[in-house]
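Asks: For reference, the file coords_32.txt (compact mmCIF, C-alpha atoms) is included below:
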# COMPACT_ATOMS: atom_id res chain seq x y z
CA MET V 239 142.30 52.10 -49.19
CA ALA V 240 144.63 51.30 -46.30
CA THR V 241 143.86 47.59 -46.13
CA TYR V 242 145.99 45.29 -43.99
CA LEU V 243 145.75 42.06 -41.98
CA ASN V 244 147.15 41.31 -38.54
CA ARG V 245 147.55 38.45 -36.09
CA THR V 246 149.61 38.02 -32.92
CA PRO V 247 150.65 34.41 -32.14
CA SER V 248 149.81 33.29 -28.61
CA SER V 249 153.33 31.94 -28.13
CA ALA V 250 156.70 31.96 -29.89
CA SER V 251 157.81 29.03 -32.05
CA ASN V 252 160.67 28.54 -34.53
CA ARG V 253 162.25 31.94 -35.11
CA LYS V 254 165.30 30.61 -36.98
CA THR V 255 163.74 28.42 -39.68
CA TRP V 256 160.69 29.40 -41.75
CA THR V 257 159.42 30.20 -45.23
CA TYR V 258 157.13 33.03 -46.31
CA SER V 259 155.47 32.91 -49.73
CA THR V 260 152.95 35.27 -51.32
CA TRP V 261 151.60 36.21 -54.73
CA LEU V 262 151.04 39.90 -55.32
CA LYS V 263 150.19 42.48 -57.94
CA ARG V 264 151.14 46.11 -57.35
CA SER V 265 148.70 48.95 -58.08
CA SER V 266 151.05 51.66 -56.85
CA ILE V 267 154.75 51.54 -57.65
CA THR V 268 155.90 54.89 -56.24
CA THR V 269 155.41 54.41 -52.49
CA ASP V 270 156.84 52.07 -49.87
CA SER V 271 154.69 48.92 -49.94
CA VAL V 272 155.00 46.36 -47.16
CA ILE V 273 154.59 42.69 -48.04
CA PHE V 274 155.07 41.14 -44.60
CA ALA V 275 156.12 42.45 -41.20
CA ALA V 276 156.51 41.04 -37.70
CA GLY V 277 157.58 43.03 -34.70
CA SER V 278 156.94 45.11 -31.63
CA GLY V 279 158.91 48.00 -30.20
CA THR V 280 162.58 47.76 -31.18
CA VAL V 281 162.32 44.25 -32.64
CA GLU V 282 161.09 44.05 -36.21
CA PHE V 283 161.25 42.00 -39.39
CA THR V 284 160.05 43.72 -42.57
CA ALA V 285 159.88 42.81 -46.25
CA TYR V 286 158.77 45.62 -48.52
CA PHE V 287 159.07 47.30 -51.89
CA LYS V 288 160.81 50.66 -51.62
CA SER V 289 159.46 53.70 -53.43
CA GLY V 290 162.17 53.35 -56.07
CA GLY V 291 161.09 49.80 -56.94
CA THR V 292 163.70 47.64 -55.20
CA MET V 293 162.79 45.10 -52.53
CA GLU V 294 164.33 45.32 -49.07
CA VAL V 295 164.13 42.65 -46.37
CA TYR V 296 165.58 43.18 -42.92
CA GLN V 297 165.63 42.12 -39.27
CA TYR V 298 166.22 45.05 -36.94
CA THR V 299 166.84 44.55 -33.23
CA SER V 300 167.61 47.34 -30.74
CA GLY V 301 169.31 49.59 -33.27
CA THR V 302 171.15 46.87 -35.23
CA TYR V 303 170.37 45.25 -38.59
CA ASN V 304 170.81 41.53 -37.87
CA LEU V 305 170.11 40.76 -41.51
CA ARG V 306 169.48 43.10 -44.42
CA TYR V 307 169.15 42.62 -48.17
CA GLU V 308 168.13 45.09 -50.86
CA THR V 309 167.82 43.85 -54.42
CA THR V 310 169.29 45.68 -57.36
CA ALA V 311 166.33 44.48 -59.43
CA LYS V 312 163.28 46.75 -59.47
CA TYR V 313 159.70 45.49 -59.47
CA ARG V 314 157.69 48.21 -61.17
CA ASP V 315 155.32 46.36 -63.48
CA PRO V 316 151.73 47.14 -62.41
CA ASN V 317 150.39 44.40 -64.68
CA ALA V 318 152.56 41.58 -63.33
CA TRP V 319 151.72 39.03 -60.68
CA TYR V 320 154.91 38.46 -58.68
CA HIS V 321 155.60 35.39 -56.57
CA VAL V 322 157.86 36.31 -53.64
CA VAL V 323 159.41 33.57 -51.49
CA ILE V 324 161.57 34.40 -48.45
CA ALA V 325 163.39 31.37 -47.04
CA CYS V 326 165.16 31.68 -43.68
CA ASP V 327 167.29 29.04 -41.93
CA THR V 328 169.89 30.67 -39.72
CA THR V 329 171.02 27.28 -38.37
CA GLN V 330 173.03 26.72 -41.55
CA ALA V 331 176.83 26.77 -41.19
CA ASN V 332 177.32 28.49 -44.56
CA ALA V 333 176.28 32.16 -44.35
CA SER V 334 175.02 32.19 -47.94
CA ASP V 335 172.55 29.40 -47.12
CA ARG V 336 170.89 31.16 -44.19
CA PHE V 337 168.65 33.57 -46.06
CA LYS V 338 167.32 33.45 -49.61
CA ILE V 339 164.87 35.52 -51.65
CA TYR V 340 163.12 34.19 -54.75
CA VAL V 341 160.95 36.05 -57.26
CA ASN V 342 158.88 34.11 -59.78
CA GLY V 343 160.79 30.94 -59.07
CA SER V 344 164.29 32.36 -59.47
CA GLN V 345 166.70 33.16 -56.63
CA GLU V 346 167.79 36.78 -56.27
CA THR V 347 171.59 36.98 -56.10
CA GLU V 348 172.34 40.63 -56.93
CA PHE V 349 172.04 42.98 -53.96
CA GLY V 350 172.97 46.60 -53.34
CA THR V 351 172.95 45.84 -49.61
CA SER V 352 173.75 42.37 -48.30
CA THR V 353 174.08 41.58 -44.59
CA ALA V 354 173.81 37.88 -43.81
CA PRO V 355 172.41 36.84 -40.41
CA ALA V 356 174.70 35.25 -37.84
CA GLN V 357 174.37 31.52 -37.33
CA ASN V 358 171.34 30.72 -35.14
CA GLN V 359 170.13 34.33 -35.31
CA ASP V 360 166.53 34.68 -34.10
CA THR V 361 164.10 36.74 -36.16
CA SER V 362 160.82 38.37 -35.21
CA VAL V 363 158.90 35.93 -37.40
CA ASN V 364 157.11 33.36 -35.20
CA LEU V 365 157.73 35.50 -32.12
CA ASN V 366 154.57 36.36 -30.17
CA VAL V 367 154.42 39.87 -31.65
CA PRO V 368 152.06 41.32 -34.29
CA HIS V 369 152.41 39.69 -37.72
CA ILE V 370 151.09 42.03 -40.40
CA LEU V 371 150.42 41.77 -44.12
CA GLY V 372 150.17 45.10 -45.91
CA LYS V 373 151.78 47.75 -43.68
CA TYR V 374 154.57 48.51 -41.22
CA HIS V 375 154.11 46.92 -37.82
CA SER V 376 154.85 50.10 -35.90
CA SER V 377 153.19 52.87 -37.90
CA SER V 378 150.41 53.69 -40.32
CA GLY V 379 152.76 53.88 -43.32
CA GLY V 380 153.80 51.42 -45.98
CA TYR V 381 150.31 50.31 -47.01
CA PHE V 382 150.39 47.79 -49.83
CA LEU V 383 148.18 49.00 -52.68
CA GLY V 384 147.28 46.11 -54.93
CA TYR V 385 146.36 42.45 -54.73
CA PHE V 386 147.46 39.49 -52.63
CA ALA V 387 146.84 35.81 -53.42
CA GLN V 388 147.79 32.67 -51.47
CA SER V 389 150.01 33.95 -48.67
CA ILE V 390 151.77 31.15 -46.76
CA LEU V 391 154.02 30.93 -43.71
CA THR V 392 155.67 27.63 -42.82
CA ASP V 393 156.97 27.43 -39.26
CA GLY V 394 160.10 25.27 -38.87
CA THR V 395 160.62 24.21 -42.50
CA VAL V 396 162.32 25.84 -45.49
CA TYR V 397 160.91 25.33 -48.97
CA THR V 398 161.99 26.32 -52.45
CA PRO V 399 159.54 27.94 -54.90
CA THR V 400 158.83 24.64 -56.69
CA SER V 401 156.97 23.42 -53.60
CA LEU V 402 154.67 26.43 -53.84
CA GLY V 403 154.31 27.18 -57.54
CA SER V 404 154.58 25.56 -60.96
CA THR V 405 154.45 26.42 -64.65
CA ASP V 406 151.11 25.94 -66.44
CA SER V 407 150.56 24.83 -70.04
CA ASN V 408 150.98 28.43 -71.24
CA GLY V 409 154.36 28.81 -69.56
CA VAL V 410 152.98 31.00 -66.75
CA TRP V 411 154.21 30.57 -63.18
CA ILE V 412 151.11 30.02 -60.99
CA PRO V 413 150.37 28.89 -57.41
CA ASN V 414 150.04 25.26 -56.42
CA THR V 415 146.50 25.31 -55.06
CA GLY V 416 147.22 22.56 -52.54
CA PRO V 417 150.96 22.80 -51.80
CA SER V 418 152.43 19.84 -49.92
CA VAL V 419 154.07 21.72 -47.06
CA THR V 420 154.25 21.45 -43.27
CA TYR V 421 152.88 24.56 -41.61
CA GLY V 422 154.10 24.00 -38.04
CA THR V 423 152.65 25.81 -35.02
CA ASN V 424 152.32 29.40 -36.21
CA GLY V 425 152.16 28.72 -39.95
CA PHE V 426 149.17 29.71 -42.05
CA LYS V 427 147.70 29.71 -45.56
CA LEU V 428 145.57 32.69 -46.55
CA ASP V 429 143.43 32.43 -49.69
CA TYR V 430 141.27 35.49 -48.89
CA PRO V 431 137.94 33.69 -49.39
CA GLY V 432 135.34 35.93 -47.77
CA THR V 433 134.53 39.53 -46.91
CA GLY V 434 134.15 39.37 -43.11
CA THR V 435 136.80 41.26 -41.19
CA SER V 436 137.00 39.34 -37.91
CA ALA V 437 139.58 36.58 -37.38
CA GLY V 438 137.57 33.49 -38.25
CA ALA V 439 136.90 30.73 -40.75
CA GLY V 440 135.35 31.89 -44.02
CA ASN V 441 136.34 35.53 -43.53
CA PHE V 442 138.83 37.55 -45.53
CA GLY V 443 141.79 36.61 -43.31
CA ALA V 444 140.81 32.95 -42.82
CA ASP V 445 143.63 30.43 -42.41
CA SER V 446 143.08 27.31 -44.53
CA SER V 447 146.21 25.47 -43.35
CA GLY V 448 144.29 23.58 -40.69
CA ASN V 449 145.97 25.52 -37.87
CA GLY V 450 143.18 28.01 -37.41
CA ASN V 451 145.65 30.92 -37.33
CA HIS V 452 143.12 33.38 -38.68
CA PHE V 453 143.94 37.04 -39.31
CA THR V 454 141.90 40.15 -38.60
CA ALA V 455 141.25 42.24 -41.72
CA ASN V 456 141.29 46.03 -41.48
CA SER V 457 139.76 48.59 -43.88
CA VAL V 458 138.84 45.92 -46.41
CA GLY V 459 136.29 48.07 -48.24
CA THR V 460 133.54 47.01 -50.62
CA TYR V 461 135.50 44.92 -53.11
CA ALA V 462 137.57 42.57 -51.00
CA ASN V 463 137.53 39.62 -53.40
CA VAL V 464 138.22 39.92 -57.10
CA THR V 465 138.71 37.53 -60.02
CA ASP V 466 142.09 39.05 -60.90
CA THR V 467 144.46 36.23 -59.96
CA PRO V 468 147.84 34.80 -61.02
CA GLN V 469 145.91 32.22 -63.04
CA ASN V 470 143.66 34.86 -64.68
CA ASN V 471 145.44 38.21 -64.90
CA PHE V 472 143.04 41.10 -65.54
CA SER V 473 143.74 44.43 -67.18
CA THR V 474 143.90 47.44 -64.84
CA MET V 475 144.95 51.05 -65.33
CA ASN V 476 148.67 51.31 -65.96
CA THR V 477 149.80 53.44 -63.03
CA ALA V 478 153.33 53.59 -64.46
CA ALA V 479 152.06 55.60 -67.45
CA ASN V 480 150.41 58.76 -66.12
CA TYR V 481 150.57 61.17 -69.07
CA TYR V 482 149.95 64.93 -68.90
CA GLY V 483 149.07 65.00 -65.24
CA SER V 484 148.85 62.86 -62.17
CA ALA V 485 145.68 60.82 -61.96
CA THR V 486 144.63 59.27 -58.66
CA PHE V 487 143.69 55.59 -58.75
CA ALA V 488 141.55 53.46 -56.46
CA GLU V 489 140.12 49.95 -56.11
CA GLY V 490 143.19 48.15 -57.35
CA ALA V 491 143.83 50.63 -60.18
CA THR V 492 140.45 49.86 -61.78
CA LYS V 493 139.12 53.34 -61.02
CA ILE V 494 140.33 56.90 -61.58
CA THR V 495 139.06 59.18 -58.81
CA SER V 496 140.72 62.40 -60.04
CA GLN V 497 142.74 63.33 -63.10
CA GLY V 498 145.04 65.95 -61.60
CA ALA V 499 145.20 68.08 -64.77
CA ALA V 500 143.01 69.44 -67.54
CA TYR V 501 143.89 66.49 -69.77
CA THR V 502 145.22 63.21 -68.47
CA TYR V 503 145.73 60.11 -70.60
CA ASN V 504 146.06 56.73 -68.96
CA PRO V 505 146.57 53.43 -70.76
CA ASN V 506 145.50 50.04 -69.55
CA SER V 507 148.06 47.47 -68.47
CA ILE V 508 147.67 44.88 -71.24
CA GLY V 509 148.73 45.70 -74.77
CA VAL V 510 146.76 44.31 -77.71
CA SER V 511 148.54 42.88 -80.73
CA ALA V 512 146.13 40.28 -82.16
CA GLY V 513 143.04 38.24 -81.39
CA LYS V 514 139.67 39.17 -79.91
CA TRP V 515 139.40 41.33 -76.82
CA TYR V 516 136.66 42.65 -74.57
CA VAL V 517 136.87 45.99 -72.77
CA GLU V 518 134.31 47.35 -70.34
CA VAL V 519 134.40 50.93 -69.07
CA LYS V 520 131.98 52.85 -66.85
CA ILE V 521 132.02 56.64 -67.11
CA GLY V 522 131.13 58.44 -63.92
CA ALA V 523 130.73 62.12 -63.16
CA GLY V 524 132.50 64.82 -65.08
CA VAL V 525 132.76 66.02 -68.65
CA ASN V 526 134.97 65.26 -71.64
CA ASN V 527 135.52 61.63 -70.71
CA TRP V 528 136.76 59.52 -73.58
CA PHE V 529 137.88 55.98 -73.95
CA GLY V 530 138.90 53.82 -76.84
CA VAL V 531 141.23 51.14 -78.09
CA GLY V 532 143.96 51.91 -80.54
CA ILE V 533 147.64 51.90 -81.36
CA ALA V 534 149.68 54.96 -82.24
CA GLU V 535 153.36 55.70 -82.70
CA GLY V 536 153.26 58.86 -80.60
CA GLU V 537 150.99 60.97 -78.49
CA SER V 538 147.59 62.02 -79.79
CA SER V 539 146.02 65.38 -78.95
CA ASN V 540 142.61 64.68 -80.49
CA ALA V 541 139.44 63.75 -78.66
CA SER V 542 138.27 61.03 -81.03
CA GLY V 543 138.23 58.36 -78.36
CA VAL V 544 141.32 56.65 -79.74
CA LEU V 545 144.21 57.84 -77.62
CA GLY V 546 147.85 57.67 -78.58
CA ARG V 547 150.96 55.96 -77.27
CA ASP V 548 150.40 52.23 -76.96
CA THR V 549 146.95 50.87 -76.16
CA TYR V 550 144.43 52.94 -74.22
CA TYR V 551 140.93 52.58 -72.93
Represent the structure contained in this file as structure tokens.

Replies:
Amino acid sequence: MATYLNRTPSSASNRKTWTYSTWLKRSSITTDSVIFAAGSGTVEFTAYFKSGGTMEVYQYTSGTYNLRYETTAKYRDPNAWYHVVIACDTTQANASDRFKIYVNGSQETEFGTSTAPAQNQDTSVNLNVPHILGKYHSSSGGYFLGYFAQSILTDGTVYTPTSLGSTDSNGVWIPNTGPSVTYGTNGFKLDYPGTGTSAGAGNFGADSSGNGNHFTANSVGTYANVTDTPQNNFSTMNTAANYYGSATFAEGATKITSQGAAYTYNPNSIGVSAGKWYVEVKIGAGVNNWFGVGIAEGESSNASGVLGRDTYY
């Protein structure tokens, strides 16, 4: 489903200094997937995962990249919740301090492309142009397929990841539910609480920062809110392991809508090594549908319900 959120600020604010933070889980890792975009016409800021798995962030103005970074790291784990923080402060004298990207609390420092912004460079963020979560600002492409949790923009202040996340007792990096940050004029905090699509309190794109900068939600579908969160990571279908065919996934990789071949085997995204586990599967239309839980060294060609190569259901 081509779900995205959009809002256009009524006026411009601080375009040089801001922080964007979001938690996300990818259901598709083979297509361009936009995290955050702001722009109109020939002015655009975009942060997205490229189809190959790297992350690219850029400001593009009238044919020129005013800033551009592409990581060498690839983010292709469909089971992982990632915390992405983009910190911009182009007022800094040192070029290396003007733009920083963090993933899961650690700063990215290895880039295939690295173009630092000029001092006092304006970006499209906090300009009175469409701000969009989940697709390109100027086209219908780049839809983010997966999950978002706690998306924050701070207008006029830069923060490091420790202001937005922390490590729990199990050593897992999770959101701070009530981060102590200053949101500024166009800042927002989206927790995706409801199912309504209009820009208003209690709806899917509701702003809980106190600013009332609510977003309009588009193509939300039936299952807008789920219990799969950074604090409680659920198993989904492992879209990176599509054996003997090319299955089509939907609803956050919890559903297979077509198998794409006579026999297609798809594992879940959480491997089992010990302990007690619960698995629930609903079989829809069709024939020869099997599921099971098991571990095998190689591929299995039988139809016993226990499928080979890692853990399947």

Asks: May I ask which of the residues V:Val464, V:Val363, V:Ile521, V:Met293 is the closest one to V:Thr269, counting only C-alpha atoms?

Replies: V:Met293

Asks: Interatomic distance between atom CA of V:Thr398 and atom CA of V:Ala311?

Replies: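 According to the coordinates, atom CA of V:Thr398 and atom CA of V:Ala311 are separated by 19.9 Å.
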
Asks: Extending 8 Å beyond the listed atoms of stretch 382-388 of chain V on each side, what axis-aligned box results? I want centre and edge lengths in Å to one decimal, as JSON.

Replies:
{"center_x": 148.4, "center_y": 40.8, "center_z": -52.4, "size_x": 20.0, "size_y": 32.3, "size_z": 21.1}

Asks: Do you know which residues are at most 8 Å from V:Ser436 counting all atoms listed in the file, after dropping those on the same chain fewer than 2 positions away, and could you put them as a PyMOL selection string?

Replies: chain V and resi 434+438+441+443+453-455

Asks: Hey, what's within 8 Å of stretch 430-432 of chain V if we count all atoms listed in the file and toss same-chain stuff fewer than 2 positions away? As a list in words, please?

Replies: Ala387, Gln388, Leu428, Gly434, Gly440, Asn441, Phe442, Gly443, Ala444, Ala462 and Asn463 of chain V

Asks: Based on the selection just made, write C-alpha atoms of those residues as a compact mmCIF listing (two decimals), keeping the file's coordinate frame.

Replies:
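The resulting part_24.txt:
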# COMPACT_ATOMS: atom_id res chain seq x y z
CA ALA V 387 146.84 35.81 -53.42
CA GLN V 388 147.79 32.67 -51.47
CA LEU V 428 145.57 32.69 -46.55
CA GLY V 434 134.15 39.37 -43.11
CA GLY V 440 135.35 31.89 -44.02
CA ASN V 441 136.34 35.53 -43.53
CA PHE V 442 138.83 37.55 -45.53
CA GLY V 443 141.79 36.61 -43.31
CA ALA V 444 140.81 32.95 -42.82
CA ALA V 462 137.57 42.57 -51.00
CA ASN V 463 137.53 39.62 -53.40

Asks: Show me the residues close to (151.4, 28.0, -60.0) - anything with an atom within 12 Å, counting all atoms listed in the file - and format the list as number ranges by chain.

Replies: V: 260-261, 319-321, 342-343, 387-388, 399-417, 467-470

Asks: Quick one: pull the distance between atom CA of V:Lys312 and atom CA of V:Asp335, Å, one decimal.

Replies: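 Separation between atom CA of V:Lys312 and atom CA of V:Asp335: 23.2 Å.
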
Asks: Would you mind exporting stretch 287-298 of chain V with all heavy atoms, as a PDB file, in the first residue's frame?

Replies:
ATOM      1  N   PHE V 287      16.368   5.250   1.482  1.00  0.00           N
ATOM      2  CA  PHE V 287      17.144   4.052   1.226  1.00  0.00           C
ATOM      3  C   PHE V 287      17.101   3.774  -0.266  1.00  0.00           C
ATOM      4  O   PHE V 287      16.022   3.719  -0.860  1.00  0.00           O
ATOM      5  CB  PHE V 287      16.576   2.848   1.983  1.00  0.00           C
ATOM      6  CG  PHE V 287      16.691   2.942   3.476  1.00  0.00           C
ATOM      7  CD1 PHE V 287      15.558   3.091   4.260  1.00  0.00           C
ATOM      8  CD2 PHE V 287      17.920   2.876   4.098  1.00  0.00           C
ATOM      9  CE1 PHE V 287      15.652   3.171   5.632  1.00  0.00           C
ATOM     10  CE2 PHE V 287      18.038   2.957   5.473  1.00  0.00           C
ATOM     11  CZ  PHE V 287      16.896   3.103   6.241  1.00  0.00           C
ATOM     12  N   LYS V 288      18.256   3.566  -0.870  1.00  0.00           N
ATOM     13  CA  LYS V 288      18.308   3.229  -2.283  1.00  0.00           C
ATOM     14  C   LYS V 288      18.018   1.739  -2.467  1.00  0.00           C
ATOM     15  O   LYS V 288      18.089   0.954  -1.516  1.00  0.00           O
ATOM     16  CB  LYS V 288      19.672   3.593  -2.854  1.00  0.00           C
ATOM     17  CG  LYS V 288      20.019   5.075  -2.691  1.00  0.00           C
ATOM     18  CD  LYS V 288      21.346   5.439  -3.316  1.00  0.00           C
ATOM     19  CE  LYS V 288      21.248   5.522  -4.819  1.00  0.00           C
ATOM     20  NZ  LYS V 288      22.464   6.147  -5.415  1.00  0.00           N
ATOM     21  N   SER V 289      17.693   1.363  -3.685  1.00  0.00           N
ATOM     22  CA  SER V 289      17.307  -0.023  -3.947  1.00  0.00           C
ATOM     23  C   SER V 289      18.414  -1.009  -3.600  1.00  0.00           C
ATOM     24  O   SER V 289      18.142  -2.165  -3.274  1.00  0.00           O
ATOM     25  CB  SER V 289      16.907  -0.185  -5.418  1.00  0.00           C
ATOM     26  OG  SER V 289      17.965   0.196  -6.280  1.00  0.00           O
ATOM     27  N   GLY V 290      19.661  -0.571  -3.631  1.00  0.00           N
ATOM     28  CA  GLY V 290      20.766  -1.452  -3.274  1.00  0.00           C
ATOM     29  C   GLY V 290      21.007  -1.585  -1.781  1.00  0.00           C
ATOM     30  O   GLY V 290      21.833  -2.395  -1.358  1.00  0.00           O
ATOM     31  N   GLY V 291      20.325  -0.757  -0.970  1.00  0.00           N
ATOM     32  CA  GLY V 291      20.432  -0.887   0.484  1.00  0.00           C
ATOM     33  C   GLY V 291      21.123   0.255   1.187  1.00  0.00           C
ATOM     34  O   GLY V 291      21.015   0.386   2.403  1.00  0.00           O
ATOM     35  N   THR V 292      21.881   1.091   0.449  1.00  0.00           N
ATOM     36  CA  THR V 292      22.543   2.220   1.084  1.00  0.00           C
ATOM     37  C   THR V 292      21.531   3.330   1.388  1.00  0.00           C
ATOM     38  O   THR V 292      20.416   3.341   0.854  1.00  0.00           O
ATOM     39  CB  THR V 292      23.655   2.785   0.189  1.00  0.00           C
ATOM     40  OG1 THR V 292      23.089   3.195  -1.061  1.00  0.00           O
ATOM     41  CG2 THR V 292      24.739   1.745  -0.051  1.00  0.00           C
ATOM     42  N   MET V 293      21.918   4.272   2.229  1.00  0.00           N
ATOM     43  CA  MET V 293      21.086   5.425   2.529  1.00  0.00           C
ATOM     44  C   MET V 293      21.704   6.661   1.891  1.00  0.00           C
ATOM     45  O   MET V 293      22.904   6.900   2.025  1.00  0.00           O
ATOM     46  CB  MET V 293      20.967   5.646   4.040  1.00  0.00           C
ATOM     47  CG  MET V 293      19.991   6.764   4.426  1.00  0.00           C
ATOM     48  SD  MET V 293      20.167   7.307   6.164  1.00  0.00           S
ATOM     49  CE  MET V 293      20.177   5.740   7.006  1.00  0.00           C
ATOM     50  N   GLU V 294      20.887   7.439   1.204  1.00  0.00           N
ATOM     51  CA  GLU V 294      21.346   8.686   0.614  1.00  0.00           C
ATOM     52  C   GLU V 294      20.520   9.840   1.170  1.00  0.00           C
ATOM     53  O   GLU V 294      19.302   9.732   1.307  1.00  0.00           O
ATOM     54  CB  GLU V 294      21.244   8.673  -0.912  1.00  0.00           C
ATOM     55  CG  GLU V 294      21.770   9.955  -1.548  1.00  0.00           C
ATOM     56  CD  GLU V 294      21.861   9.905  -3.060  1.00  0.00           C
ATOM     57  OE1 GLU V 294      21.616   8.828  -3.648  1.00  0.00           O
ATOM     58  OE2 GLU V 294      22.196  10.941  -3.669  1.00  0.00           O
ATOM     59  N   VAL V 295      21.208  10.929   1.490  1.00  0.00           N
ATOM     60  CA  VAL V 295      20.557  12.141   1.983  1.00  0.00           C
ATOM     61  C   VAL V 295      21.110  13.306   1.172  1.00  0.00           C
ATOM     62  O   VAL V 295      22.327  13.435   1.023  1.00  0.00           O
ATOM     63  CB  VAL V 295      20.832  12.358   3.479  1.00  0.00           C
ATOM     64  CG1 VAL V 295      20.102  13.594   3.991  1.00  0.00           C
ATOM     65  CG2 VAL V 295      20.435  11.131   4.292  1.00  0.00           C
ATOM     66  N   TYR V 296      20.219  14.142   0.632  1.00  0.00           N
ATOM     67  CA  TYR V 296      20.709  15.239  -0.186  1.00  0.00           C
ATOM     68  C   TYR V 296      19.790  16.448  -0.132  1.00  0.00           C
ATOM     69  O   TYR V 296      18.598  16.343   0.151  1.00  0.00           O
ATOM     70  CB  TYR V 296      20.886  14.801  -1.643  1.00  0.00           C
ATOM     71  CG  TYR V 296      19.619  14.417  -2.375  1.00  0.00           C
ATOM     72  CD1 TYR V 296      18.790  15.390  -2.945  1.00  0.00           C
ATOM     73  CD2 TYR V 296      19.249  13.079  -2.516  1.00  0.00           C
ATOM     74  CE1 TYR V 296      17.632  15.046  -3.631  1.00  0.00           C
ATOM     75  CE2 TYR V 296      18.095  12.726  -3.191  1.00  0.00           C
ATOM     76  CZ  TYR V 296      17.286  13.708  -3.751  1.00  0.00           C
ATOM     77  OH  TYR V 296      16.139  13.368  -4.417  1.00  0.00           O
ATOM     78  N   GLN V 297      20.381  17.615  -0.410  1.00  0.00           N
ATOM     79  CA  GLN V 297      19.657  18.854  -0.678  1.00  0.00           C
ATOM     80  C   GLN V 297      19.989  19.243  -2.110  1.00  0.00           C
ATOM     81  O   GLN V 297      21.160  19.377  -2.478  1.00  0.00           O
ATOM     82  CB  GLN V 297      20.077  19.962   0.283  1.00  0.00           C
ATOM     83  CG  GLN V 297      19.486  21.333  -0.026  1.00  0.00           C
ATOM     84  CD  GLN V 297      17.976  21.383   0.135  1.00  0.00           C
ATOM     85  OE1 GLN V 297      17.430  20.856   1.103  1.00  0.00           O
ATOM     86  NE2 GLN V 297      17.287  22.014  -0.809  1.00  0.00           N
ATOM     87  N   TYR V 298      18.948  19.424  -2.907  1.00  0.00           N
ATOM     88  CA  TYR V 298      19.108  19.698  -4.330  1.00  0.00           C
ATOM     89  C   TYR V 298      18.375  20.993  -4.646  1.00  0.00           C
ATOM     90  O   TYR V 298      17.182  21.127  -4.375  1.00  0.00           O
ATOM     91  CB  TYR V 298      18.524  18.539  -5.131  1.00  0.00           C
ATOM     92  CG  TYR V 298      18.779  18.571  -6.618  1.00  0.00           C
ATOM     93  CD1 TYR V 298      20.017  18.220  -7.143  1.00  0.00           C
ATOM     94  CD2 TYR V 298      17.756  18.904  -7.503  1.00  0.00           C
ATOM     95  CE1 TYR V 298      20.244  18.222  -8.508  1.00  0.00           C
ATOM     96  CE2 TYR V 298      17.974  18.905  -8.870  1.00  0.00           C
ATOM     97  CZ  TYR V 298      19.210  18.556  -9.373  1.00  0.00           C
ATOM     98  OH  TYR V 298      19.438  18.556 -10.724  1.00  0.00           O
TER      99      TYR V 298
END
